[in-house]
$ cat start00.pdb   # PDB, C-alpha atoms
ATOM      1  CA  MET A   1      23.614 -19.371  -6.323
ATOM      2  CA  LYS A   2      21.368 -16.968  -8.251
ATOM      3  CA  THR A   3      21.040 -13.532  -6.674
ATOM      4  CA  HIS A   4      19.136 -10.345  -7.408
ATOM      5  CA  THR A   5      19.925  -6.899  -6.013
ATOM      6  CA  LEU A   6      17.397  -4.167  -5.242
ATOM      7  CA  LEU A   7      18.300  -0.601  -4.338
ATOM      8  CA  MET A   8      16.217   1.525  -1.956
ATOM      9  CA  PRO A   9      13.029  -0.555  -2.077
ATOM     10  CA  LEU A  10       9.945   1.386  -1.021
ATOM     11  CA  ASP A  11       6.599   0.240   0.327
ATOM     12  CA  MET A  12       4.154   2.956  -0.682
ATOM     13  CA  HIS A  13       1.171   1.662   1.309
ATOM     14  CA  LEU A  14       2.018   0.401   4.772
ATOM     15  CA  HIS A  15       0.119  -0.111   8.028
ATOM     16  CA  LEU A  16       2.358   0.079  11.089
ATOM     17  CA  ARG A  17      -0.390   0.376  13.710
ATOM     18  CA  ASP A  18       0.627   1.710  17.141
ATOM     19  CA  GLY A  19       1.662   0.650  20.621
ATOM     20  CA  VAL A  20       2.974  -2.904  21.067
ATOM     21  CA  MET A  21       1.965  -3.856  17.522
ATOM     22  CA  LEU A  22       4.056  -0.976  16.123
ATOM     23  CA  GLU A  23       7.046  -2.033  18.214
ATOM     24  CA  ASN A  24       6.741  -5.626  17.007
ATOM     25  CA  ILE A  25       6.175  -5.167  13.289
ATOM     26  CA  ALA A  26       7.819  -1.859  12.288
ATOM     27  CA  PRO A  27      11.352  -3.348  12.481
ATOM     28  CA  LEU A  28      10.319  -5.974   9.917
ATOM     29  CA  SER A  29       9.575  -3.313   7.290
ATOM     30  CA  ALA A  30      12.551  -1.193   8.322
ATOM     31  CA  TYR A  31      14.907  -4.123   7.792
ATOM     32  CA  SER A  32      14.292  -4.587   4.075
ATOM     33  CA  PHE A  33      12.781  -1.275   2.926
ATOM     34  CA  SER A  34      14.301   2.199   2.736
ATOM     35  CA  GLY A  35      10.960   3.789   3.503
ATOM     36  CA  GLY A  36       7.230   3.355   3.552
ATOM     37  CA  LEU A  37       4.120   5.472   3.119
ATOM     38  CA  VAL A  38       2.469   5.079   6.525
ATOM     39  CA  MET A  39      -1.321   4.974   6.700
ATOM     40  CA  PRO A  40      -3.062   7.328   9.168
ATOM     41  CA  ASN A  41      -6.091   5.215  10.168
ATOM     42  CA  LEU A  42      -5.205   4.851  13.806
ATOM     43  CA  VAL A  43      -7.770   5.144  16.596
ATOM     44  CA  PRO A  44      -8.221   8.093  16.655
ATOM     45  CA  PRO A  45      -6.944   8.895  13.135
ATOM     46  CA  VAL A  46      -3.999  11.211  12.438
ATOM     47  CA  VAL A  47      -5.554  14.613  11.684
ATOM     48  CA  SER A  48      -3.240  17.292  13.145
ATOM     49  CA  LEU A  49       0.379  18.433  12.897
ATOM     50  CA  GLU A  50       0.969  17.414  16.506
ATOM     51  CA  GLU A  51      -0.342  13.910  15.801
ATOM     52  CA  ILE A  52       1.816  13.589  12.672
ATOM     53  CA  LYS A  53       4.958  14.511  14.598
ATOM     54  CA  ALA A  54       4.108  12.302  17.562
ATOM     55  CA  TYR A  55       3.309   9.268  15.421
ATOM     56  CA  LYS A  56       6.507   9.683  13.401
ATOM     57  CA  ALA A  57       8.492   9.902  16.637
ATOM     58  CA  ARG A  58       6.928   6.653  17.876
ATOM     59  CA  ILE A  59       7.753   4.948  14.572
ATOM     60  CA  MET A  60      11.377   6.104  14.669
ATOM     61  CA  ALA A  61      11.697   4.957  18.277
ATOM     62  CA  SER A  62      10.578   1.486  17.219
ATOM     63  CA  VAL A  63      13.267   1.170  14.500
ATOM     64  CA  PRO A  64      16.366   2.759  16.079
ATOM     65  CA  ASN A  65      18.919   0.524  14.334
ATOM     66  CA  ASN A  66      17.557   0.663  10.796
ATOM     67  CA  PHE A  67      17.775   3.265   8.066
ATOM     68  CA  PHE A  68      14.077   3.724   7.345
ATOM     69  CA  GLU A  69      12.042   6.797   6.437
ATOM     70  CA  PRO A  70       8.369   6.802   7.444
ATOM     71  CA  TYR A  71       6.614   8.953   4.839
ATOM     72  CA  MET A  72       3.739  10.384   6.838
ATOM     73  CA  THR A  73       0.140  10.863   5.736
ATOM     74  CA  LEU A  74      -2.874  12.709   7.071
ATOM     75  CA  PHE A  75      -6.390  11.261   7.341
ATOM     76  CA  TYR A  76      -8.586  13.118   4.831
ATOM     77  CA  LYS A  77     -11.012  15.715   6.099
ATOM     78  CA  ASN A  78     -12.119  18.981   4.503
ATOM     79  CA  TYR A  79      -9.098  20.979   5.670
ATOM     80  CA  ASP A  80      -8.553  24.643   4.802
ATOM     81  CA  LYS A  81      -5.545  25.939   2.877
ATOM     82  CA  LYS A  82      -3.973  27.611   5.905
ATOM     83  CA  PHE A  83      -3.855  24.322   7.780
ATOM     84  CA  LEU A  84      -2.588  22.377   4.757
ATOM     85  CA  THR A  85       0.171  24.941   4.231
ATOM     86  CA  SER A  86       1.268  24.418   7.832
ATOM     87  CA  VAL A  87       1.540  20.633   7.479
ATOM     88  CA  ALA A  88       2.716  20.307   3.857
ATOM     89  CA  GLU A  89       6.405  19.854   4.669
ATOM     90  CA  HIS A  90       5.629  17.166   7.253
ATOM     91  CA  ILE A  91       3.524  14.869   5.055
ATOM     92  CA  VAL A  92       3.918  13.125   1.718
ATOM     93  CA  ALA A  93       0.203  12.590   1.007
ATOM     94  CA  ILE A  94      -3.328  12.677   2.387
ATOM     95  CA  LYS A  95      -5.285   9.428   2.560
ATOM     96  CA  LEU A  96      -9.005   9.370   1.778
ATOM     97  CA  TYR A  97     -11.220   6.576   3.079
ATOM     98  CA  PRO A  98     -14.913   6.234   2.263
ATOM     99  CA  ALA A  99     -16.663   6.094   5.628
ATOM    100  CA  GLY A 100     -16.777   2.619   7.175
ATOM    101  CA  ILE A 101     -15.338   0.850   4.142
ATOM    102  CA  THR A 102     -12.312  -0.729   5.860
ATOM    103  CA  THR A 103     -10.411  -0.932   9.155
ATOM    104  CA  ASN A 104     -10.723   2.216  11.301
ATOM    105  CA  SER A 105     -12.378   4.258   8.545
ATOM    106  CA  GLU A 106     -15.545   5.263  10.364
ATOM    107  CA  GLY A 107     -14.535   8.934  10.248
ATOM    108  CA  GLY A 108     -13.981   8.876   6.489
ATOM    109  CA  VAL A 109     -15.836  10.592   3.646
ATOM    110  CA  SER A 110     -19.562   9.869   3.560
ATOM    111  CA  SER A 111     -20.437  12.047   0.553
ATOM    112  CA  PHE A 112     -18.344  12.748  -2.527
ATOM    113  CA  ASP A 113     -19.809  16.205  -3.045
ATOM    114  CA  ILE A 114     -17.208  17.811  -5.311
ATOM    115  CA  GLU A 115     -18.113  21.365  -4.331
ATOM    116  CA  GLU A 116     -17.843  20.528  -0.654
ATOM    117  CA  MET A 117     -14.425  18.960  -1.258
ATOM    118  CA  ARG A 118     -13.215  21.613  -3.702
ATOM    119  CA  PRO A 119     -11.421  23.989  -1.278
ATOM    120  CA  THR A 120      -9.361  21.144   0.177
ATOM    121  CA  LEU A 121      -8.547  19.448  -3.118
ATOM    122  CA  GLU A 122      -7.674  22.731  -4.855
ATOM    123  CA  ALA A 123      -5.369  23.639  -1.979
ATOM    124  CA  MET A 124      -3.729  20.226  -2.232
ATOM    125  CA  SER A 125      -3.277  20.762  -5.979
ATOM    126  CA  VAL A 126      -1.536  24.099  -5.404
ATOM    127  CA  LEU A 127       0.644  22.746  -2.587
ATOM    128  CA  GLY A 128       1.547  19.582  -4.485
ATOM    129  CA  ILE A 129       0.108  17.183  -1.906
ATOM    130  CA  PRO A 130      -1.023  13.899  -3.517
ATOM    131  CA  LEU A 131      -4.370  12.337  -2.660
ATOM    132  CA  CYS A 132      -4.301   8.603  -1.906
ATOM    133  CA  VAL A 133      -7.709   6.934  -2.141
ATOM    134  CA  HIS A 134      -9.154   3.656  -0.914
ATOM    135  CA  GLY A 135     -11.443   3.333  -3.911
ATOM    136  CA  GLU A 136     -14.497   1.288  -2.995
ATOM    137  CA  THR A 137     -18.217   1.961  -2.747
ATOM    138  CA  ASP A 138     -20.492   0.191  -0.258
ATOM    139  CA  GLY A 139     -22.129  -1.894  -3.003
ATOM    140  CA  PHE A 140     -21.868  -5.639  -3.644
ATOM    141  CA  VAL A 141     -18.423  -6.644  -2.442
ATOM    142  CA  MET A 142     -17.123  -7.925  -5.796
ATOM    143  CA  ASP A 143     -18.209  -4.741  -7.585
ATOM    144  CA  ARG A 144     -17.111  -2.085  -5.106
ATOM    145  CA  GLU A 145     -13.868  -1.072  -6.810
ATOM    146  CA  ALA A 146     -15.311  -1.100 -10.330
ATOM    147  CA  GLU A 147     -18.230   1.038  -9.115
ATOM    148  CA  PHE A 148     -15.760   3.566  -7.680
ATOM    149  CA  MET A 149     -14.269   4.309 -11.114
ATOM    150  CA  SER A 150     -16.889   7.003 -11.732
ATOM    151  CA  ILE A 151     -15.711   8.804  -8.584
ATOM    152  CA  TYR A 152     -12.088   8.595  -9.740
ATOM    153  CA  GLU A 153     -13.187  10.113 -13.042
ATOM    154  CA  LEU A 154     -15.024  12.898 -11.233
ATOM    155  CA  LEU A 155     -11.948  13.688  -9.139
ATOM    156  CA  ALA A 156      -9.533  13.467 -12.066
ATOM    157  CA  GLN A 157     -11.648  15.717 -14.290
ATOM    158  CA  ASN A 158     -12.375  18.372 -11.661
ATOM    159  CA  PHE A 159      -8.834  18.547 -10.267
ATOM    160  CA  PRO A 160      -6.449  17.922 -13.189
ATOM    161  CA  ASP A 161      -3.448  19.259 -11.244
ATOM    162  CA  LEU A 162      -4.076  16.939  -8.293
ATOM    163  CA  LYS A 163      -1.980  13.784  -8.241
ATOM    164  CA  ILE A 164      -4.406  10.960  -7.345
ATOM    165  CA  ILE A 165      -3.179   7.519  -6.316
ATOM    166  CA  MET A 166      -5.654   4.675  -6.651
ATOM    167  CA  GLU A 167      -4.576   2.520  -3.736
ATOM    168  CA  HIS A 168      -4.194  -1.286  -3.862
ATOM    169  CA  ILE A 169      -6.061  -1.672  -7.151
ATOM    170  CA  THR A 170      -7.605  -5.104  -7.791
ATOM    171  CA  THR A 171      -9.571  -4.898 -11.051
ATOM    172  CA  LYS A 172      -9.101  -4.642 -14.792
ATOM    173  CA  GLU A 173     -11.294  -1.510 -14.680
ATOM    174  CA  ALA A 174      -8.786   0.259 -12.432
ATOM    175  CA  VAL A 175      -5.895  -0.791 -14.674
ATOM    176  CA  ALA A 176      -7.707   0.724 -17.654
ATOM    177  CA  MET A 177      -7.990   4.058 -15.823
ATOM    178  CA  LEU A 178      -4.212   4.476 -15.678
ATOM    179  CA  ASP A 179      -3.962   5.497 -19.316
ATOM    180  CA  LYS A 180      -7.234   7.403 -19.362
ATOM    181  CA  TYR A 181      -6.266  10.269 -17.037
ATOM    182  CA  GLU A 182      -2.832  11.819 -16.753
ATOM    183  CA  ASN A 183      -3.201  12.497 -13.023
ATOM    184  CA  LEU A 184      -4.207   8.971 -11.958
ATOM    185  CA  TYR A 185      -1.608   6.570 -10.536
ATOM    186  CA  ALA A 186      -1.835   3.308  -8.586
ATOM    187  CA  THR A 187      -0.288   1.025  -6.009
ATOM    188  CA  ILE A 188      -0.462  -2.760  -6.318
ATOM    189  CA  THR A 189       0.056  -5.260  -3.493
ATOM    190  CA  VAL A 190       1.967  -8.524  -3.641
ATOM    191  CA  HIS A 191      -1.053 -10.548  -2.540
ATOM    192  CA  HIS A 192      -3.206  -9.163  -5.352
ATOM    193  CA  LEU A 193      -0.501 -10.352  -7.769
ATOM    194  CA  LEU A 194      -0.864 -13.846  -6.303
ATOM    195  CA  PHE A 195      -4.445 -14.451  -5.213
ATOM    196  CA  THR A 196      -7.901 -14.583  -6.710
ATOM    197  CA  LEU A 197     -11.020 -15.013  -4.614
ATOM    198  CA  ASN A 198     -10.527 -18.768  -4.968
ATOM    199  CA  ASP A 199      -7.442 -18.474  -2.758
ATOM    200  CA  VAL A 200      -9.590 -16.956  -0.022
ATOM    201  CA  VAL A 201     -12.844 -18.934  -0.103
ATOM    202  CA  GLY A 202     -12.520 -21.412  -2.970
ATOM    203  CA  GLY A 203     -11.977 -24.280  -0.539
ATOM    204  CA  MET A 204     -11.609 -23.963   3.198
ATOM    205  CA  MET A 205     -11.769 -20.332   4.310
ATOM    206  CA  MET A 206      -8.223 -18.862   4.399
ATOM    207  CA  PRO A 207      -8.513 -15.962   6.867
ATOM    208  CA  HIS A 208      -4.912 -14.809   6.421
ATOM    209  CA  ASN A 209      -5.585 -14.245   2.701
ATOM    210  CA  PHE A 210      -8.671 -12.131   3.451
ATOM    211  CA  CYS A 211      -8.294  -8.406   2.883
ATOM    212  CA  LYS A 212     -10.186  -5.378   1.642
ATOM    213  CA  PRO A 213     -10.458  -4.820  -1.213
ATOM    214  CA  ILE A 214     -10.926  -8.545  -1.656
ATOM    215  CA  ALA A 215      -9.034 -10.523  -4.281
ATOM    216  CA  LYS A 216     -11.030 -10.680  -7.509
ATOM    217  CA  ARG A 217     -11.274 -12.800 -10.671
ATOM    218  CA  PRO A 218      -8.508 -14.395 -12.811
ATOM    219  CA  GLU A 219      -8.934 -11.741 -15.503
ATOM    220  CA  ASP A 220      -8.366  -9.027 -12.886
ATOM    221  CA  LEU A 221      -5.208 -10.746 -11.671
ATOM    222  CA  ASP A 222      -3.994 -10.911 -15.285
ATOM    223  CA  ALA A 223      -4.610  -7.178 -15.731
ATOM    224  CA  LEU A 224      -2.642  -6.348 -12.581
ATOM    225  CA  LEU A 225       0.238  -8.563 -13.674
ATOM    226  CA  SER A 226       0.283  -6.912 -17.097
ATOM    227  CA  VAL A 227       1.164  -3.493 -15.661
ATOM    228  CA  ALA A 228       3.207  -4.599 -12.636
ATOM    229  CA  LEU A 229       5.525  -6.895 -14.589
ATOM    230  CA  GLU A 230       6.200  -4.188 -17.153
ATOM    231  CA  ALA A 231       6.695  -1.650 -14.340
ATOM    232  CA  HIS A 232       4.204   0.709 -15.964
ATOM    233  CA  PRO A 233       5.516   4.171 -14.960
ATOM    234  CA  LYS A 234       2.266   5.027 -13.171
ATOM    235  CA  VAL A 235       2.231   1.987 -10.887
ATOM    236  CA  MET A 236       4.330   1.211  -7.823
ATOM    237  CA  PHE A 237       4.506  -1.334  -5.070
ATOM    238  CA  GLY A 238       2.420  -0.784  -1.947
ATOM    239  CA  SER A 239       2.068  -3.844   0.264
ATOM    240  CA  ASP A 240      -1.036  -2.768   2.181
ATOM    241  CA  SER A 241       0.575  -5.023   4.788
ATOM    242  CA  ALA A 242      -2.023  -4.917   7.549
ATOM    243  CA  PRO A 243      -1.204  -6.799  10.747
ATOM    244  CA  HIS A 244      -3.868  -8.081  13.103
ATOM    245  CA  PRO A 245      -3.372 -10.295  16.165
ATOM    246  CA  LYS A 246      -3.843 -13.988  15.407
ATOM    247  CA  GLU A 247      -7.027 -14.149  17.489
ATOM    248  CA  LYS A 248      -8.567 -11.337  15.388
ATOM    249  CA  LYS A 249      -7.961 -13.282  12.169
ATOM    250  CA  GLU A 250      -8.752 -16.838  13.253
ATOM    251  CA  CYS A 251     -12.240 -16.172  14.555
ATOM    252  CA  SER A 252     -15.832 -15.523  13.578
ATOM    253  CA  GLY A 253     -16.019 -12.146  11.859
ATOM    254  CA  CYS A 254     -12.284 -12.068  11.214
ATOM    255  CA  ALA A 255     -10.499  -8.775  10.524
ATOM    256  CA  ALA A 256      -9.572  -7.836   6.957
ATOM    257  CA  GLY A 257      -5.870  -7.535   6.251
ATOM    258  CA  VAL A 258      -2.949  -9.521   4.828
ATOM    259  CA  PHE A 259       0.409  -9.308   6.615
ATOM    260  CA  SER A 260       3.116  -9.510   3.960
ATOM    261  CA  ALA A 261       5.833  -7.044   4.957
ATOM    262  CA  PRO A 262       8.572  -9.530   6.004
ATOM    263  CA  ILE A 263       8.328 -11.588   2.798
ATOM    264  CA  ALA A 264       7.083  -9.075   0.225
ATOM    265  CA  LEU A 265      10.359  -8.591  -1.652
ATOM    266  CA  GLN A 266      11.065 -12.318  -1.696
ATOM    267  CA  ILE A 267       7.642 -13.121  -3.167
ATOM    268  CA  LEU A 268       7.942 -10.316  -5.714
ATOM    269  CA  CYS A 269      11.262 -11.780  -6.849
ATOM    270  CA  GLU A 270       9.541 -15.120  -7.313
ATOM    271  CA  ILE A 271       6.684 -13.607  -9.329
ATOM    272  CA  PHE A 272       8.889 -11.457 -11.555
ATOM    273  CA  GLU A 273      11.312 -14.341 -12.160
ATOM    274  CA  GLN A 274       8.426 -16.651 -13.079
ATOM    275  CA  TYR A 275       7.499 -14.277 -15.911
ATOM    276  CA  ASN A 276      11.120 -13.483 -16.885
ATOM    277  CA  LYS A 277      10.742  -9.864 -15.810
ATOM    278  CA  LEU A 278      13.245  -9.542 -12.954
ATOM    279  CA  GLU A 279      14.856  -6.604 -14.748
ATOM    280  CA  ASN A 280      11.664  -4.581 -14.139
ATOM    281  CA  LEU A 281      11.396  -5.236 -10.396
ATOM    282  CA  GLN A 282      13.643  -2.313  -9.429
ATOM    283  CA  ALA A 283      11.319   0.172 -11.112
ATOM    284  CA  PHE A 284       8.216  -1.408  -9.581
ATOM    285  CA  VAL A 285       9.547  -1.423  -6.005
ATOM    286  CA  SER A 286      11.453   1.878  -6.005
ATOM    287  CA  ASP A 287      12.159   3.942  -9.123
ATOM    288  CA  ASN A 288       8.533   4.616 -10.066
ATOM    289  CA  ALA A 289       7.626   5.674  -6.526
ATOM    290  CA  GLN A 290      10.587   8.047  -6.366
ATOM    291  CA  SER A 291       9.421   9.666  -9.589
ATOM    292  CA  ILE A 292       5.722   9.823  -8.687
ATOM    293  CA  TYR A 293       6.177  11.155  -5.143
ATOM    294  CA  LYS A 294       9.384  13.153  -5.791
ATOM    295  CA  ILE A 295      11.180  11.505  -2.887
ATOM    296  CA  CYS A 296      14.847  10.610  -2.393
ATOM    297  CA  PRO A 297      15.184   7.632  -0.017
ATOM    298  CA  GLU A 298      18.290   6.765   1.996
ATOM    299  CA  PHE A 299      20.584   4.304   0.244
ATOM    300  CA  LYS A 300      19.923   0.655   1.045
ATOM    301  CA  GLU A 301      21.009  -2.386  -0.929
ATOM    302  CA  ILE A 302      19.056  -5.623  -0.586
ATOM    303  CA  VAL A 303      20.625  -8.765  -2.016
ATOM    304  CA  LEU A 304      18.178 -11.630  -2.474
ATOM    305  CA  GLU A 305      19.199 -15.172  -3.317
ATOM    306  CA  LYS A 306      17.293 -18.011  -4.863
ATOM    307  CA  ARG A 307      17.072 -20.684  -2.178
ATOM    308  CA  PRO A 308      14.212 -22.340  -0.297
ATOM    309  CA  PHE A 309      12.891 -20.337   2.641
ATOM    310  CA  VAL A 310      10.163 -21.513   5.002
ATOM    311  CA  VAL A 311       7.880 -18.621   5.990
ATOM    312  CA  PRO A 312       7.630 -18.504   9.797
ATOM    313  CA  PRO A 313       4.293 -19.495  11.351
ATOM    314  CA  HIS A 314       4.061 -16.095  13.012
ATOM    315  CA  TYR A 315       5.904 -12.887  13.790
ATOM    316  CA  SER A 316       5.146 -12.150  17.442
ATOM    317  CA  ASN A 317       1.357 -12.689  17.436
ATOM    318  CA  VAL A 318       0.795 -11.921  13.739
ATOM    319  CA  VAL A 319       0.455 -14.678  11.143
ATOM    320  CA  PRO A 320       1.988 -13.749   7.777
ATOM    321  CA  MET A 321       0.750 -14.555   4.315
ATOM    322  CA  LEU A 322       1.948 -18.040   3.248
ATOM    323  CA  ALA A 323       2.813 -19.018   6.834
ATOM    324  CA  ASN A 324       4.659 -22.365   7.055
ATOM    325  CA  GLN A 325       4.978 -22.559   3.264
ATOM    326  CA  THR A 326       8.261 -22.760   1.367
ATOM    327  CA  ILE A 327       9.053 -19.901  -1.002
ATOM    328  CA  ASN A 328      11.906 -19.768  -3.530
ATOM    329  CA  TRP A 329      13.749 -16.598  -2.568
ATOM    330  CA  ALA A 330      15.325 -15.318   0.645
ATOM    331  CA  ILE A 331      17.177 -12.183   1.736
ATOM    332  CA  ARG A 332      20.943 -12.748   1.765
ATOM    333  CA  SER A 333      22.105  -9.348   2.966
ATOM    334  CA  VAL A 334      21.078  -5.763   3.680
ATOM    335  CA  GLU A 335      23.607  -2.940   3.377
TER
END

$ encode --input "start00.pdb" --output "structure tokens"
Amino acid sequence: MKTHTLLMPLDMHLHLRDGVMLENIAPLSAYSFSGGLVMPNLVPPVVSLEEIKAYKARIMASVPNNFFEPYMTLFYKNYDKKFLTSVAEHIVAIKLYPAGITTNSEGGVSSFDIEEMRPTLEAMSVLGIPLCVHGETDGFVMDREAEFMSIYELLAQNFPDLKIIMEHITTKEAVAMLDKYENLYATITVHHLLFTLNDVVGGMMMPHNFCKPIAKRPEDLDALLSVALEAHPKVMFGSDSAPHPKEKKECSGCAAGVFSAPIALQILCEIFEQYNKLENLQAFVSDNAQSIYKICPEFKEIVLEKRPFVVPPHYSNVVPMLANQTINWAIRSVE
């Protein structure tokens, strides 16, 4: 039977939530990943050293039997250098959300006034703290990411020593930015390597494929595949796996978020094999992230095998991407 081995896979954009949801879904990521960059958009968001430590402790308590490192992040505000110095060793990045643009982002940035942001971003540059950005405006939904490119340019030009990660990119415009500025990097999700908008609303509405930023056009999908499959050194895997209870997805006004964590590596194997690029998957899911973030994850070996696997209809009360469908790869062992 055909197998493929991955070492220390990393999920560099992960929502673990809190409370019962954290207890239910964190073990699923901890099983197959060595670590994950944990998003801070809780209610209320993670904005202090005490909250960072407490949230990390809750995560570790939920995965006691797995080797898994939660790489912690802080919710962006205009912090001063003294505060950032005090938290630098406890975080891997700071996550910036435009206000109200996605789940639990109401306290995000409402004005990209460079001079107002300068003290914080210059301090982050000096301290070596990367800035992760949910890059969307509040314009027409299909254009929001492309419209945000001018803000990425503004940030990249004004803070050349600041490492900026364009999170969960979905457009050919974002792909083009990778080679335009030395300090711009990106994460790409598994669902944006699979879906266009047709897979969300082309026929019957598919709520479990609905996320923000939304899936885009075929040419955008092609652009994402072009850099992911070649494991472009400035891109890395970030699932943006975002669990919501079933009743919050299968309803009027459903929540945005695709839950992919338990099957992400299996689907990535399928995609990379389809394009004869399995040899590049290790870099995409681990090596590039280690280089970009300067992290050294705990050793973990994941052996995947090519055999039919039926995706469960739910994990606790969360419906995964491709629920009840048969995929071509499964996890054989984790060491």

$ resolve_selection --input "start00.pdb" --expression "the PyMOL selection byres ((chain A and resi 50-52) around 12)" --output "PyMOL selection string"
chain A and resi 38-49+53-59+70-75+86-94

$ residues_around --input "start00.pdb" --residues "A:Val190" --least-positions-apart "3" --cutoff "10 Å" --atoms "all atoms listed in the file" --output "VMD selection string"
chain A and resid 168 193 to 195 228 237 to 241 258 260 to 261 263 to 265 267 to 268 271

$ resolve_selection --input "start00.pdb" --expression "the PyMOL selection byres ((chain A and resi 295) around 12)" --output "list of chain:residue names"
A:Met8, A:Leu10, A:Met12, A:Ser34, A:Gly35, A:Gly36, A:Leu37, A:Glu69, A:Pro70, A:Tyr71, A:Ile91, A:Val92, A:Ala93, A:Ser286, A:Asp287, A:Asn288, A:Ala289, A:Gln290, A:Ser291, A:Ile292, A:Tyr293, A:Lys294, A:Cys296, A:Pro297, A:Glu298

$ closest_residue --input "start00.pdb" --among "A:Lys246, A:Thr85, A:Thr326, A:Glu301" --to "A:Met21" --atoms "all atoms listed in the file"
A:Lys246

$ resolve_selection --input "start00.pdb" --expression "the PyMOL selection byres ((chain A and resi 23) around 9)" --output "ChimeraX atom specification"
/A:16,18-22,24-27,58-59,61-63

$ residues_around --input "start00.pdb" --residues "A:Arg118" --least-positions-apart "3" --cutoff "10 Å" --atoms "only C-alpha atoms" --output "list of chain:residue names"
A:Asn78, A:Asp113, A:Ile114, A:Glu115, A:Leu121, A:Glu122, A:Ala123, A:Met124, A:Leu155, A:Asn158, A:Phe159

$ closest_residue --input "start00.pdb" --among "A:Met205, A:Val227, A:Ala99, A:Ala146" --to "A:Ala186" --atoms "all atoms listed in the file"
A:Val227

$ closest_residue --input "start00.pdb" --among "A:Thr187, A:Ser110, A:Ser29, A:Asn209" --to "A:Met321" --atoms "all atoms listed in the file"
A:Asn209

$ closest_residue --input "start00.pdb" --among "A:Asp11, A:Lys172, A:Leu178, A:Ala242" --to "A:Glu219" --atoms "only C-alpha atoms"
A:Lys172

$ atom_distance --input "start00.pdb" --atom1 "atom CA of A:Ala156" --atom2 "atom CA of A:Asp80"
20.3 Å

$ closest_residue --input "start00.pdb" --among "A:Leu96, A:Leu225, A:Gly135, A:Asn104" --to "A:Arg17" --atoms "only C-alpha atoms"
A:Asn104

$ residues_around --input "start00.pdb" --residues "A:Leu304" --least-positions-apart "6" --cutoff "6 Å" --atoms "all atoms listed in the file" --output "list in words"
Thr3, His4, Ala330, Ile331 and Arg332 of chain A

$ atom_distance --input "start00.pdb" --atom1 "atom CA of A:Leu7" --atom2 "atom CA of A:Gln282"
7.1 Å

$ decode --input "start00.pdb" --residues "stretch 6-20 of chain A" --atoms "N, CA and C atoms" --output "compact mmCIF listing (two decimals), in the first residue's frame"
# COMPACT_ATOMS: atom_id res chain seq x y z
N LEU A 6 5.32 12.36 6.84
CA LEU A 6 5.54 13.77 7.12
C LEU A 6 6.15 13.90 8.52
N LEU A 7 7.12 14.78 8.63
CA LEU A 7 7.78 15.03 9.91
C LEU A 7 7.40 16.39 10.47
N MET A 8 7.01 16.42 11.72
CA MET A 8 6.65 17.64 12.45
C MET A 8 5.72 18.57 11.66
N PRO A 9 4.58 18.08 11.20
CA PRO A 9 3.67 18.98 10.50
C PRO A 9 3.17 20.09 11.42
N LEU A 10 3.01 21.27 10.85
CA LEU A 10 2.61 22.46 11.61
C LEU A 10 1.40 23.11 10.95
N ASP A 11 0.49 23.56 11.78
CA ASP A 11 -0.69 24.29 11.31
C ASP A 11 -0.53 25.73 11.78
N MET A 12 -0.14 26.62 10.87
CA MET A 12 0.23 27.96 11.27
C MET A 12 -0.91 28.98 11.21
N HIS A 13 -2.14 28.47 11.33
CA HIS A 13 -3.31 29.34 11.51
C HIS A 13 -4.44 28.45 12.01
N LEU A 14 -4.66 28.47 13.33
CA LEU A 14 -5.55 27.49 13.93
C LEU A 14 -6.45 28.14 14.98
N HIS A 15 -7.75 27.84 14.88
CA HIS A 15 -8.71 28.29 15.89
C HIS A 15 -9.05 27.12 16.80
N LEU A 16 -8.75 27.28 18.08
CA LEU A 16 -9.06 26.23 19.06
C LEU A 16 -10.23 26.59 19.97
N ARG A 17 -10.70 27.83 19.87
CA ARG A 17 -11.82 28.27 20.69
C ARG A 17 -11.49 28.11 22.19
N ASP A 18 -12.52 27.88 23.01
CA ASP A 18 -12.32 27.81 24.45
C ASP A 18 -13.42 26.95 25.05
N GLY A 19 -13.31 26.67 26.34
CA GLY A 19 -14.35 25.93 27.03
C GLY A 19 -14.53 24.52 26.48
N VAL A 20 -15.79 24.08 26.38
CA VAL A 20 -16.10 22.73 25.91
C VAL A 20 -15.62 22.53 24.48
